[in-house]
Each structure stands twice: as structure tokens, then as C-alpha cells.
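Enquirer: Have a look at the structure that comes next, please.
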Amino acid sequence: MSRTSRAIALAVAAGALVAAAPSAASAALTATGVSLAGRPAYEQVVVPFAGGSLTGLERQTDAVDPAVADGRAVVRVNGRGITARPVTRSRAGVTARLVRRTGSILVVLDTPMSRFKFVSYAVDGSRTRLVIRLWRATVAPGARILDDGCLRLTSWSGHGGARAEGRELRPLFEHALVLSLRTEGAGGATVAERPLTATEGTFLPDFSGYATPGRWSGRLRVTLGSPGGTPPGLRAMLEAWSTSAKDGSLECLVQTPVILRP
């Protein structure tokens with residue numbers, strides 16, 4: 001073999017090794033730990049990853065068990081060769097564990113019964129951290145959210161039951177959302193609940209989102225003061241929300257405390 005041919009062969013071999021490097025990194029994707037932090041509206045759980053990024057169809061994340069009101073929720077990350085260090089962390093009654101499975105890892109979240117109402121998850125901008133939020137069943141003023149980038153709450157009242165109206169900032173599946181009233185610590189139980197359908201907004205020319213938001217409004221009827229009814233003056237959380245059609249996890253939520261009055 002001539003020097004030129006040998007040099008070409010070496011260059012091709014080196015290129016093949018470089019091309020193979022991402023696959024090796026992909027196989028080594030590892031959940032390295034868990035951290036927890038509290039906010040008035042939610043408890044946040046962050047799981048960082050090393051050895052690759054959470055991108056592509058082969059690395060789908062889903063909520064295996066999003067019904068956290070019963071005291072447990074589970075979020076799964078799929079990936080060929082994915083693994084996790086056996087880490088457990090606890091804070092304020094919430095315990096997060098990483099569990100290895102063939103082709104996936106589970107983030108198992110144990111919580112006090114009825115303390116939380118929803119689970120949401122997202123991959124952050126670096127594509128190396130999974131962010132899970134456990135949404136509190138609370139009526140605290142600090143938990144008020146009037147705009148989450150998906151829904152906006154523009155007006156509301158707790159008189160005569162409750163009413164609210166707002167905007168659909170991002171097109172929802174079939175424009176569907178739910179309006180509900182929840183008392184503190186109720187978990188999955190609600191005082192009242194009603195499905196709504198937002199009117200469709202005006203789309204951008206490339207259909208990537210709305211140029212003009214959609215609109216929604218609704219009223220909840222609550223019986224106040226009668227035997228077995230809801231006592232007047234009760235503080236409740238008025239919520240408008242939507243869940244994922246894929247797995248039932250929370251996608252959008254706006255909420256504000258109200259005092260129920262006749």
C-alpha cells in the first residue's frame with residue numbers, strides 16, 4: 001500500500017471512530033441525581049443527566065402514574081442503554097427515587113395523601129435536565145398563577161358560586177380545558193368542576209401558534225349555606241387547566257384563590 005493509500009485508510013478509520021462516538025455517548029446516558037425545592041404552588045424535582053441529551057424519539061418521557069392525589073406518582077424516561085445511579089432524596093414529606101429498568105428509568109415520587117393535585121414534567125433548555133412539578137392542593141395567595149404561557153386568567157369572581165374567563169394562548173388539544181374549584185388539602189376532590197371549550201384563535205401564517213389568542217369563559221354553581229352544602233366565606237382555589245392527551249399529566253394551569261359568597 002502506498003503512503004497516500006495508507007493515509008487515506010487511516011483518515012477513514014479515524015472518521016469512523018468519531019462518527020461512532022455519539023452512539024457510545026447515547027448508550028451511556030445516566031440519571032446522576034435528584035434535587036428537590038419548594039415553591040408556593042408546587043414542589044419541584046430536578047433529575048440531571050450525563051452522557052448525552054434528552055432528545056429524539058428514542059428518549060421519550062411520559063407519566064406512568066400521574067394521579068398523585070393517592071400519594072404516589074411515577075415519571076418514566078425511555079432510552080436504549082439508559083441507566084441511573086440509585087439515588088433517593090426527601091424534602092418536606094416528598095421522597096424521590098431513581099429506579100433502573102431495562103430500556104428506561106423511573107422517577108418514583110411518594111407524597112403525603114391528598115397534598116398534591118397534579119403532576120407536570122418538561123425537559124429544560126439544555127436538554128440535560130428533567131424537571132418535574134408536583135402541584136399543591138392549596139389556597140395560598142402565593143400560589144396564584146394568572147398566566148403560564150399556555151392559558152391566561154383575565155377575570156374571576158367567587159360570588160354566586162364562581163366564574164372566570166381568560167385566553168387560550170397556545171392551541172390545546174380540541175381546545176379543551178377544565179374549570180374547577182378546590183379547597184385546601186382536597187387533592188383530587190373538588191367543590192365543583194366543568195369542562196370548557198375555548199373558541200379558536202387566529203393562527204400565524206405558518207400555523208406555529210396563535211397570532212390572536214382564543215377565548216374561554218365559564219361559571220361554576222355551588223350550593224352555599226344549606227345543610228351538607230359549602231359554607232359561605234370558604235376560601236377555595238379557582239383553577240383552569242388542561243392535561244396531556246398522551247398520558248394525563250398537567251400541561252396548562254392558571255389559578256387564583258377566591259372566597260365563596262352567595
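Residue numbering restarts at 1 in every chain; chains get A, B, ... in the order shown in the C-alpha cells, and ligands count up from 1 in that same order.
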Could you find all residues in stretch 33-75 of chain A that DSSP calls strand (DSSP E or B) from the backbone, and write them as an NGL selection string?

Expert: :A and (35-38 or 42-50 or 61-65 or 72-75)

Enquirer: Using only N, CA, C and O atoms, please write the residues we just selected to a file, as a PDB file, in the first residue's frame.

Expert:
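Below is the file out01.pdb, written as the result:
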```
ATOM      1  N   SER A  35     -32.702  16.495  42.936  1.00  0.00           N
ATOM      2  CA  SER A  35     -32.782  17.606  43.874  1.00  0.00           C
ATOM      3  C   SER A  35     -34.233  18.056  43.996  1.00  0.00           C
ATOM      4  O   SER A  35     -35.009  17.947  43.041  1.00  0.00           O
ATOM      5  N   LEU A  36     -34.617  18.539  45.173  1.00  0.00           N
ATOM      6  CA  LEU A  36     -35.972  18.993  45.430  1.00  0.00           C
ATOM      7  C   LEU A  36     -35.933  20.428  45.954  1.00  0.00           C
ATOM      8  O   LEU A  36     -35.025  20.796  46.696  1.00  0.00           O
ATOM      9  N   ALA A  37     -36.924  21.207  45.552  1.00  0.00           N
ATOM     10  CA  ALA A  37     -37.039  22.584  46.015  1.00  0.00           C
ATOM     11  C   ALA A  37     -38.510  22.954  46.102  1.00  0.00           C
ATOM     12  O   ALA A  37     -39.315  22.527  45.271  1.00  0.00           O
ATOM     13  N   GLY A  38     -38.866  23.751  47.102  1.00  0.00           N
ATOM     14  CA  GLY A  38     -40.253  24.104  47.313  1.00  0.00           C
ATOM     15  C   GLY A  38     -40.617  25.467  46.755  1.00  0.00           C
ATOM     16  O   GLY A  38     -39.819  26.399  46.789  1.00  0.00           O
ATOM     17  N   TYR A  42     -45.978  24.616  43.997  1.00  0.00           N
ATOM     18  CA  TYR A  42     -45.544  23.255  43.670  1.00  0.00           C
ATOM     19  C   TYR A  42     -44.236  22.899  44.357  1.00  0.00           C
ATOM     20  O   TYR A  42     -43.494  23.758  44.833  1.00  0.00           O
ATOM     21  N   GLU A  43     -43.988  21.597  44.414  1.00  0.00           N
ATOM     22  CA  GLU A  43     -42.685  21.056  44.804  1.00  0.00           C
ATOM     23  C   GLU A  43     -41.986  20.657  43.507  1.00  0.00           C
ATOM     24  O   GLU A  43     -42.559  19.950  42.675  1.00  0.00           O
ATOM     25  N   GLN A  44     -40.757  21.119  43.322  1.00  0.00           N
ATOM     26  CA  GLN A  44     -40.036  20.850  42.077  1.00  0.00           C
ATOM     27  C   GLN A  44     -38.951  19.806  42.287  1.00  0.00           C
ATOM     28  O   GLN A  44     -38.175  19.881  43.232  1.00  0.00           O
ATOM     29  N   VAL A  45     -38.936  18.823  41.390  1.00  0.00           N
ATOM     30  CA  VAL A  45     -37.954  17.740  41.415  1.00  0.00           C
ATOM     31  C   VAL A  45     -37.143  17.822  40.124  1.00  0.00           C
ATOM     32  O   VAL A  45     -37.712  17.811  39.035  1.00  0.00           O
ATOM     33  N   VAL A  46     -35.829  17.907  40.247  1.00  0.00           N
ATOM     34  CA  VAL A  46     -34.950  18.017  39.082  1.00  0.00           C
ATOM     35  C   VAL A  46     -34.033  16.805  39.028  1.00  0.00           C
ATOM     36  O   VAL A  46     -33.390  16.456  40.022  1.00  0.00           O
ATOM     37  N   VAL A  47     -33.983  16.159  37.857  1.00  0.00           N
ATOM     38  CA  VAL A  47     -33.117  14.996  37.636  1.00  0.00           C
ATOM     39  C   VAL A  47     -32.140  15.350  36.515  1.00  0.00           C
ATOM     40  O   VAL A  47     -32.536  15.469  35.349  1.00  0.00           O
ATOM     41  N   PRO A  48     -30.846  15.558  36.825  1.00  0.00           N
ATOM     42  CA  PRO A  48     -29.859  15.845  35.780  1.00  0.00           C
ATOM     43  C   PRO A  48     -29.352  14.563  35.126  1.00  0.00           C
ATOM     44  O   PRO A  48     -29.303  13.505  35.758  1.00  0.00           O
ATOM     45  N   PHE A  49     -28.963  14.680  33.845  1.00  0.00           N
ATOM     46  CA  PHE A  49     -28.437  13.547  33.089  1.00  0.00           C
ATOM     47  C   PHE A  49     -27.036  13.863  32.569  1.00  0.00           C
ATOM     48  O   PHE A  49     -26.729  15.019  32.261  1.00  0.00           O
ATOM     49  N   ALA A  50     -26.224  12.836  32.476  1.00  0.00           N
ATOM     50  CA  ALA A  50     -24.883  12.947  31.905  1.00  0.00           C
ATOM     51  C   ALA A  50     -24.739  11.923  30.789  1.00  0.00           C
ATOM     52  O   ALA A  50     -25.474  10.938  30.735  1.00  0.00           O
ATOM     53  N   THR A  61     -40.268  10.819  27.251  1.00  0.00           N
ATOM     54  CA  THR A  61     -40.620  10.902  28.666  1.00  0.00           C
ATOM     55  C   THR A  61     -42.135  10.836  28.788  1.00  0.00           C
ATOM     56  O   THR A  61     -42.853  11.445  27.996  1.00  0.00           O
ATOM     57  N   ASP A  62     -42.634  10.090  29.783  1.00  0.00           N
ATOM     58  CA  ASP A  62     -44.066  10.034  29.987  1.00  0.00           C
ATOM     59  C   ASP A  62     -44.372   9.807  31.458  1.00  0.00           C
ATOM     60  O   ASP A  62     -43.524   9.375  32.230  1.00  0.00           O
ATOM     61  N   ALA A  63     -45.600  10.143  31.839  1.00  0.00           N
ATOM     62  CA  ALA A  63     -46.055   9.919  33.203  1.00  0.00           C
ATOM     63  C   ALA A  63     -46.757   8.568  33.250  1.00  0.00           C
ATOM     64  O   ALA A  63     -47.845   8.410  32.700  1.00  0.00           O
ATOM     65  N   VAL A  64     -46.123   7.599  33.873  1.00  0.00           N
ATOM     66  CA  VAL A  64     -46.721   6.274  34.018  1.00  0.00           C
ATOM     67  C   VAL A  64     -47.897   6.343  34.987  1.00  0.00           C
ATOM     68  O   VAL A  64     -48.915   5.682  34.798  1.00  0.00           O
ATOM     69  N   ASP A  65     -47.754   7.154  36.034  1.00  0.00           N
ATOM     70  CA  ASP A  65     -48.811   7.324  37.029  1.00  0.00           C
ATOM     71  C   ASP A  65     -48.882   8.809  37.398  1.00  0.00           C
ATOM     72  O   ASP A  65     -48.140   9.271  38.256  1.00  0.00           O
ATOM     73  N   ARG A  72     -48.742   8.815  45.368  1.00  0.00           N
ATOM     74  CA  ARG A  72     -47.605   8.373  44.542  1.00  0.00           C
ATOM     75  C   ARG A  72     -47.808   8.821  43.104  1.00  0.00           C
ATOM     76  O   ARG A  72     -48.923   8.826  42.584  1.00  0.00           O
ATOM     77  N   ALA A  73     -46.684   9.185  42.454  1.00  0.00           N
ATOM     78  CA  ALA A  73     -46.655   9.470  41.022  1.00  0.00           C
ATOM     79  C   ALA A  73     -45.371   8.890  40.459  1.00  0.00           C
ATOM     80  O   ALA A  73     -44.365   8.771  41.173  1.00  0.00           O
ATOM     81  N   VAL A  74     -45.408   8.520  39.174  1.00  0.00           N
ATOM     82  CA  VAL A  74     -44.239   7.926  38.527  1.00  0.00           C
ATOM     83  C   VAL A  74     -44.056   8.547  37.149  1.00  0.00           C
ATOM     84  O   VAL A  74     -44.998   8.580  36.349  1.00  0.00           O
ATOM     85  N   VAL A  75     -42.840   9.032  36.877  1.00  0.00           N
ATOM     86  CA  VAL A  75     -42.474   9.549  35.560  1.00  0.00           C
ATOM     87  C   VAL A  75     -41.361   8.675  35.006  1.00  0.00           C
ATOM     88  O   VAL A  75     -40.423   8.313  35.721  1.00  0.00           O
TER      89      VAL A  75
END
```

Enquirer: As a PyMOL selection string, please: every residue in stretch 36-131 of chain A that a backbone DSSP assignment puts in helix (DSSP H, G or I).

Expert: chain A and resi 57-59+68-70

Enquirer: With only C-alpha atoms as the counted atoms, please give the residues lying no more than 6 Å from A:Arg144, apart from itself and same-chain residues fewer than 2 positions off, as a ChimeraX atom specification.

Expert: /A:141-142,255-256

Enquirer: Please write the residues from the selection above to a file, keeping C-alpha atoms, as a PDB file, in the first residue's frame.

Expert:
```
ATOM      1  CA  PRO A 141     -52.231  33.588  47.763  1.00  0.00           C
ATOM      2  CA  GLY A 142     -48.611  32.926  46.812  1.00  0.00           C
ATOM      3  CA  GLN A 255     -55.359  29.577  39.325  1.00  0.00           C
ATOM      4  CA  THR A 256     -56.317  32.122  41.945  1.00  0.00           C
TER       5      THR A 256
END
```

Enquirer: At a cut-off of 8 Å, using only C-alpha atoms, what residues contact A:Asp148? Leave out same-chain residues fewer than 2 positions from it and give the result as JSON, numbers by chain.

Expert: {"A": [145, 146, 150, 151, 152, 252, 253, 254]}

Enquirer: How about saving the chosen residues, N, CA and C atoms kept, as an mmCIF file, in the first residue's frame?

Expert:
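This is the output file again10.cif:
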```cif
data_model
loop_
_atom_site.group_PDB
_atom_site.id
_atom_site.type_symbol
_atom_site.label_atom_id
_atom_site.label_comp_id
_atom_site.auth_asym_id
_atom_site.auth_seq_id
_atom_site.Cartn_x
_atom_site.Cartn_y
_atom_site.Cartn_z
ATOM 1 N N ILE A 145 -51.436 31.913 39.905
ATOM 2 C CA ILE A 145 -50.796 31.940 38.579
ATOM 3 C C ILE A 145 -51.835 32.470 37.599
ATOM 4 N N LEU A 146 -51.588 33.639 37.048
ATOM 5 C CA LEU A 146 -52.558 34.246 36.131
ATOM 6 C C LEU A 146 -52.200 34.025 34.667
ATOM 7 N N CYS A 150 -49.544 29.359 28.475
ATOM 8 C CA CYS A 150 -50.458 28.454 27.775
ATOM 9 C C CYS A 150 -51.898 28.938 27.936
ATOM 10 N N LEU A 151 -52.268 29.276 29.181
ATOM 11 C CA LEU A 151 -53.566 29.854 29.495
ATOM 12 C C LEU A 151 -53.348 31.187 30.212
ATOM 13 N N ARG A 152 -54.360 32.046 30.131
ATOM 14 C CA ARG A 152 -54.337 33.304 30.878
ATOM 15 C C ARG A 152 -55.687 33.485 31.538
ATOM 16 N N CYS A 252 -51.273 22.672 31.297
ATOM 17 C CA CYS A 252 -51.507 24.105 31.490
ATOM 18 C C CYS A 252 -52.295 24.302 32.780
ATOM 19 N N LEU A 253 -51.985 25.406 33.504
ATOM 20 C CA LEU A 253 -52.712 25.695 34.737
ATOM 21 C C LEU A 253 -52.621 27.177 35.063
ATOM 22 N N VAL A 254 -53.790 27.804 35.250
ATOM 23 C CA VAL A 254 -53.866 29.111 35.881
ATOM 24 C C VAL A 254 -54.810 28.977 37.063
#
```

Enquirer: Restricting the calculation to only C-alpha atoms, which member of A:Gly71, A:Gly209, A:Gly248, A:Gly218 is positioned closest to A:Thr197?

Expert: A:Gly218

Enquirer: Which residue gives the smallest distance to A:Met237 among A:Leu169, A:Ala84, A:Ala137, A:Ala67, with only C-alpha atoms counted?

Expert: A:Ala137

Enquirer: If we count only C-alpha atoms and set the cut-off at 6 Å, which residues sit around A:Pro257, ignoring sequence neighbours fewer than 6 positions away in its own chain? Please answer as a PyMOL selection string.

Expert: chain A and resi 139+236-238

Enquirer: Find the residues around A:Leu29 up to 6 Å (only C-alpha atoms counted), leave out those fewer than 6 positions away in its own chain, and share them as JSON, numbers by chain.

Expert: {"A": [50, 51, 52, 82]}

Enquirer: Convert the current residue selection to file output with all heavy atoms, as a PDB file, in the first residue's frame.

Expert:
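As written to disk, again_11.pdb reads:
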```pdb
ATOM      1  N   ALA A  50     -26.224  12.836  32.476  1.00  0.00           N
ATOM      2  CA  ALA A  50     -24.883  12.947  31.905  1.00  0.00           C
ATOM      3  C   ALA A  50     -24.739  11.923  30.789  1.00  0.00           C
ATOM      4  O   ALA A  50     -25.474  10.938  30.735  1.00  0.00           O
ATOM      5  CB  ALA A  50     -23.818  12.707  32.976  1.00  0.00           C
ATOM      6  N   GLY A  51     -23.789  12.185  29.881  1.00  0.00           N
ATOM      7  CA  GLY A  51     -23.508  11.230  28.817  1.00  0.00           C
ATOM      8  C   GLY A  51     -24.343  11.405  27.578  1.00  0.00           C
ATOM      9  O   GLY A  51     -24.274  10.587  26.657  1.00  0.00           O
ATOM     10  N   GLY A  52     -25.147  12.448  27.512  1.00  0.00           N
ATOM     11  CA  GLY A  52     -25.986  12.666  26.339  1.00  0.00           C
ATOM     12  C   GLY A  52     -27.090  13.654  26.663  1.00  0.00           C
ATOM     13  O   GLY A  52     -27.108  14.258  27.741  1.00  0.00           O
ATOM     14  N   ILE A  82     -30.028   3.407  28.741  1.00  0.00           N
ATOM     15  CA  ILE A  82     -30.149   4.412  29.795  1.00  0.00           C
ATOM     16  C   ILE A  82     -30.011   3.750  31.161  1.00  0.00           C
ATOM     17  O   ILE A  82     -30.420   2.601  31.364  1.00  0.00           O
ATOM     18  CB  ILE A  82     -31.494   5.154  29.674  1.00  0.00           C
ATOM     19  CG1 ILE A  82     -31.516   6.392  30.563  1.00  0.00           C
ATOM     20  CG2 ILE A  82     -32.670   4.245  30.003  1.00  0.00           C
ATOM     21  CD1 ILE A  82     -32.729   7.279  30.328  1.00  0.00           C
TER      22      ILE A  82
END
```

Enquirer: What's the 6 Å shell around stretch 153-156 of chain A, counting only C-alpha atoms, without same-chain residues fewer than 2 positions away, as a list in words?

Expert: Leu146, Arg163, Ala164, Glu165 and Gly166 of chain A

Enquirer: Measuring between only C-alpha atoms, which one of A:Ser53, A:Arg219, A:Pro40, A:Val178 shows the shortest distance to A:Val123?

Expert: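 Smallest distance to A:Val123 is found for A:Ser53.
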
Enquirer: Looking at only C-alpha atoms, which of A:Gly125, A:Gly233, A:Gly103, A:Pro171 is the one that sits closest to A:Pro262?

Expert: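 Nearest candidate to A:Pro262 out of A:Gly125, A:Gly233, A:Gly103, A:Pro171: A:Gly233.
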
Enquirer: Given only C-alpha atoms as the basis, pick out the residue of A:Asp110, A:Glu58, A:Asp206, A:Glu174 nearest to A:Ser242.

Expert: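 Closest to A:Ser242 of all the choices is A:Glu174.
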
Enquirer: Any idea what the distance is between atom CA of A:Thr102 and atom CA of A:Asp70?

Expert: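 About the pair atom CA of A:Thr102 and atom CA of A:Asp70: they are 26.7 Å apart.
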